[in-house]
Amino acid sequence: MAATGTTTRTTAEADNLSDRLRYALTRLSNQQKVLLMVALAAIVALLVASSTWLKQADYRILFSNISERDGGAIIAALEQLNVPYKFNDSGGAILVPGAKVHEVRLRLASQGLPKGGGVGFELMENQKFGISQFAEQVNYQRGLEGELSRTIQSIGAVQAARVHLAIPKPTVFVREDLKPSASVLLNLYPGRALDSSQIAGIQNLVAASVPNLAVTSVTLIDQSGAMLSQLKSSLMNAGLDATQIKYVQEIEANAIKRVGDILAPIVGPGNARVQVAADVDFSQNEQTAETHRPNTTPPDISIRSQQTSESASATPSAQGVPGALSNQPPVPATAPLTQPAVPGAGPAAAPGQPLPGQLNAAGVQAAINSVAQPINTRKDSTINYELDKTIRHTRQSVGTIKRLSAAVVINHRKDAKGLSKPLSDPELKQINELVREALGFNKERGDTVSVANAPFTTIERNDSGIPLWKDPEILSLLKELFKYAAIAAIVAYLALKVVRPLIKTMLEAPPRTASRSLGGNVNILDEDGSQTPSAAEALESKLAQARDLAQQDPKVVANIIKDWTGSNAS
C-alpha cells in the first residue's frame, strides 16, 4: 500500500509539473517558442564545441626547417604510422600530438629520417658487388662531404651547409702532386653572423677531416656570396691567434671591471664609462750568456794548480897548455873531506839557505871552490788560476703587458634640485688616483690614464625588436583568447537577452486571481481577498477587474472561458 501511495504521489507530481510547464508554454507565442528552442540549441552547441576544442590534443613541433625532400618523406612515414599531423602557420614545421613527439622521432630515426639534405657514410653501407674503384672513391667523397655538412649544421648560427671537396688523384710523381682544397657554403639564420673564431674553427674542422688539406685552402662563403674566410680582426692581422685575442680581451675586461667597481660607489651606477686598451707582447725570447772576468784581485785569487822545477849544471873550463895533453879527459873528482863545524868558526846558515862559501842548486850543496866554473841554473814555475765564469739563461714570459691606456668619463653630479654640477678638482684628482691604483699604473712601462668630467647625453632607446602586436606568439595567444571570448559572449547574450526574458514571461504570476465557485460562477476578488460592502460597487469593481485582466492577460481569460464552455457542455 505504501509503495502504491508513493507511485501515485510521484505520478501526480509529474502530471502537475507537466501541466505547469504546458501552462507556462501557453503564455508564449509561437515565435517566442521557436526563439526559445533555437537559443537553447545554440547554447548547447556552443558549449559542446568549446569543450571539444579544449579536449583537442596539444600539438608540438616534430621537425622544423627541413628540406622539401625530407618533409615529403616524413609525411609519408607519418601516414604509414597513422599519426595525425599538421603544419604551423608559416609551413616551416611539422606538428604532431605532444604525447607522441619522442616516440615518432625515434621511429623516424630508425628509418634514417630526416636525412639532412645530404647523404653521409651510410652511402657506403649498400655497396654493390663488383663496384669499380672510381665509383667507390666517389661514394667515399660524397659521404665525407655529407658528414662535414651535418657537423657544420650543428653550429647554432648555421641553418644549412654544403661542402665541396677537391681531392686530386694520388700520383707517384712529385712535380704532379697536387694538394686538396675545400669550399663551404653556409646558409646562416636571419640576423645571425659568425665571428672570426667560429670561422677559424670551421676551417680547422674541414682541414683536419681531409688528409693533407691546409687550413688556408678552405674557402668559406655565406648565402649572399660574401667571403667569410677573409674576415679577420686587426689583432688577427697582427699575427695573433684566437687564444691570444681572447687573452687580450680578458685583460681589458678585467681592468674595466676593476675600475668600474671602485667608481660605482662614488659617482653612482651608470655615471662612469671606462675603456681600457692593453698592448700585450706575445713574442718569445730566450738568451744564454757566458761571461769571463779577470782573476787579478790578490785577496780573491784562486789558484787551480801550481808547478815549479829547478835545475843546475856546471860546465868545466879549459885548463893547461893547448895540445894533446890538454885534450885528455879530466881526472875524476874527489869529494872533499867534510869536517865538523868548529864552534865560533863562522856564522851559521839560515834554514833552507846555503852556508857561506857553498852552493845549493837543484838539491845539491857543495863548496864553491870544488865546483867547476861556470855553473848554469834553471828554475821553471807554472801557476794555473781559476776562471771567473758566469752563464746566464734568460727566457721572456709570453703575454707580458707592455702598456695600458685607460680613458674614464664621469657624469656631472646632480644636486638636491636636480641640477647637474661638475665635479670639483679635488674630487677629480681623487678619482684619478683611484683609477691609477685599480689599473695597476706603471709609469716606467708608459701607462696613461685620462679622466674627464662631462654631462652625459640622454640616449633615447630605439627598440628594434618586433612589436607586441606583430609577435607571432602574442598573435596566436590573442586568437585563442578571442575564440573563447566570442563563444562566452554569444552564450551570455543568448542566455541573458533571449532565454531569460522568455523564462521570466513563462514564470510571471498573473496580477489578478480568479476562483471558480462550485456553481460555475466566477467571482473576481481583490488581491487582498476583501469584498466591497455594496453590491453595485462590487459588481462595478468586478467588471473593471475583469476588463483589466482581459487586457493584461487575455490567455488566462480565454482559458477561463474554455473551462466555462467545457463545464456547461458537460
# chains A, B, ... in the order shown; residues from 1 in each chain; ligands from 1
$ select_by_dssp --residues "region 392-506 of chain A" --states "alpha helix (DSSP H)" --output "ChimeraX atom specification"
/A:425-439,472-493,500-506
$ closest_residue --among "A:Arg107, A:Arg142, A:Lys417, A:Arg162" --to "Leu78 (chain A)" --atoms "only C-alpha atoms"
A:Arg107
$ residues_around --residues "Ala41 (chain A)" --least-positions-apart "6" --cutoff "12 Å" --atoms "only C-alpha atoms" --output "list of chain:residue names"
A:Val34, A:Leu35, A:Leu47, A:Val48, A:Val491, A:Leu494, A:Ala495, A:Val499
$ write_last_selection --atoms "C-alpha atoms" --output "tab-separated table (two decimals), in the first residue's frame"
chain	number	residue	atom	x	y	z
A	34	VAL	CA	10.71	28.92	-31.72
A	35	LEU	CA	13.14	31.60	-30.49
A	47	LEU	CA	29.15	24.55	-25.00
A	48	VAL	CA	29.79	21.24	-26.74
A	491	VAL	CA	26.37	32.25	-24.81
A	494	LEU	CA	21.57	34.20	-25.69
A	495	ALA	CA	21.14	33.41	-22.00
A	499	VAL	CA	16.27	32.87	-22.76
$ closest_residue --among "A:Asn187, A:Ser229, A:Thr26, A:Gln275" --to "Leu404 (chain A)" --atoms "only C-alpha atoms"
A:Gln275
$ atom_distance --atom1 "CA of Ala208 (chain A)" --atom2 "CA of Gln223 (chain A)"
24.1 Å
$ residues_around --residues "region 450-456 of chain A" --least-positions-apart "6" --cutoff "9 Å" --atoms "only C-alpha atoms" --output "number ranges by chain"
A: 271, 405-413, 420-423, 428-429, 431-432, 435
$ residues_around --residues "Ala488 (chain A)" --least-positions-apart "4" --cutoff "9 Å" --atoms "only C-alpha atoms" --output "VMD selection string"
chain A and resid 46 to 47 483 to 484 492 to 493
$ write_last_selection --atoms "N, CA, C and O atoms" --output "PDB file, in the first residue's frame"
ATOM      1  N   LEU A  46      27.251  25.538 -28.621  1.00  0.00           N
ATOM      2  CA  LEU A  46      28.471  26.274 -28.314  1.00  0.00           C
ATOM      3  C   LEU A  46      29.221  25.647 -27.144  1.00  0.00           C
ATOM      4  O   LEU A  46      30.459  25.573 -27.154  1.00  0.00           O
ATOM      5  N   LEU A  47      28.494  25.205 -26.142  1.00  0.00           N
ATOM      6  CA  LEU A  47      29.149  24.554 -25.003  1.00  0.00           C
ATOM      7  C   LEU A  47      29.832  23.253 -25.422  1.00  0.00           C
ATOM      8  O   LEU A  47      30.950  22.957 -24.996  1.00  0.00           O
ATOM      9  N   LYS A 483      38.804  33.578 -29.531  1.00  0.00           N
ATOM     10  CA  LYS A 483      37.882  32.494 -29.858  1.00  0.00           C
ATOM     11  C   LYS A 483      37.018  32.137 -28.653  1.00  0.00           C
ATOM     12  O   LYS A 483      35.782  32.051 -28.762  1.00  0.00           O
ATOM     13  N   TYR A 484      37.641  31.945 -27.510  1.00  0.00           N
ATOM     14  CA  TYR A 484      36.874  31.583 -26.319  1.00  0.00           C
ATOM     15  C   TYR A 484      36.048  32.767 -25.813  1.00  0.00           C
ATOM     16  O   TYR A 484      34.937  32.576 -25.286  1.00  0.00           O
ATOM     17  N   ALA A 492      26.470  34.224 -23.361  1.00  0.00           N
ATOM     18  CA  ALA A 492      25.905  35.188 -22.404  1.00  0.00           C
ATOM     19  C   ALA A 492      24.774  35.990 -23.031  1.00  0.00           C
ATOM     20  O   ALA A 492      23.747  36.254 -22.385  1.00  0.00           O
ATOM     21  N   TYR A 493      24.952  36.369 -24.298  1.00  0.00           N
ATOM     22  CA  TYR A 493      23.889  37.130 -24.954  1.00  0.00           C
ATOM     23  C   TYR A 493      22.615  36.294 -25.092  1.00  0.00           C
ATOM     24  O   TYR A 493      21.512  36.773 -24.814  1.00  0.00           O
TER      25      TYR A 493
END
$ atom_distance --atom1 "CA of Phe134 (chain A)" --atom2 "CA of Leu213 (chain A)"
20.9 Å
$ atom_distance --atom1 "CA of Val557 (chain A)" --atom2 "CA of Arg22 (chain A)"
16.5 Å
$ select_by_dssp --residues "region 128-202 of chain A" --states "strand (DSSP E)" --output "PyMOL selection string"
chain A and resi 158-166+181-188
$ write_last_selection --atoms "C-alpha atoms" --output "CSV table (one decimal), in the first residue's frame"
chain,number,residue,atom,x,y,z
A,158,VAL,CA,74.2,27.9,-39.3
A,159,GLN,CA,70.9,26.9,-40.8
A,160,ALA,CA,72.3,24.8,-43.7
A,161,ALA,CA,75.7,24.0,-45.1
A,162,ARG,CA,77.2,22.4,-48.2
A,163,VAL,CA,80.8,21.2,-48.5
A,164,HIS,CA,82.6,20.6,-51.8
A,165,LEU,CA,85.9,18.8,-51.7
A,166,ALA,CA,88.5,18.8,-54.5
A,181,SER,CA,91.2,22.0,-51.4
A,182,ALA,CA,87.7,22.6,-50.0
A,183,SER,CA,84.9,25.2,-50.3
A,184,VAL,CA,82.0,25.6,-47.9
A,185,LEU,CA,78.7,27.4,-48.5
A,186,LEU,CA,76.9,28.5,-45.3
A,187,ASN,CA,73.3,29.5,-45.0
A,188,LEU,CA,73.0,31.5,-41.8
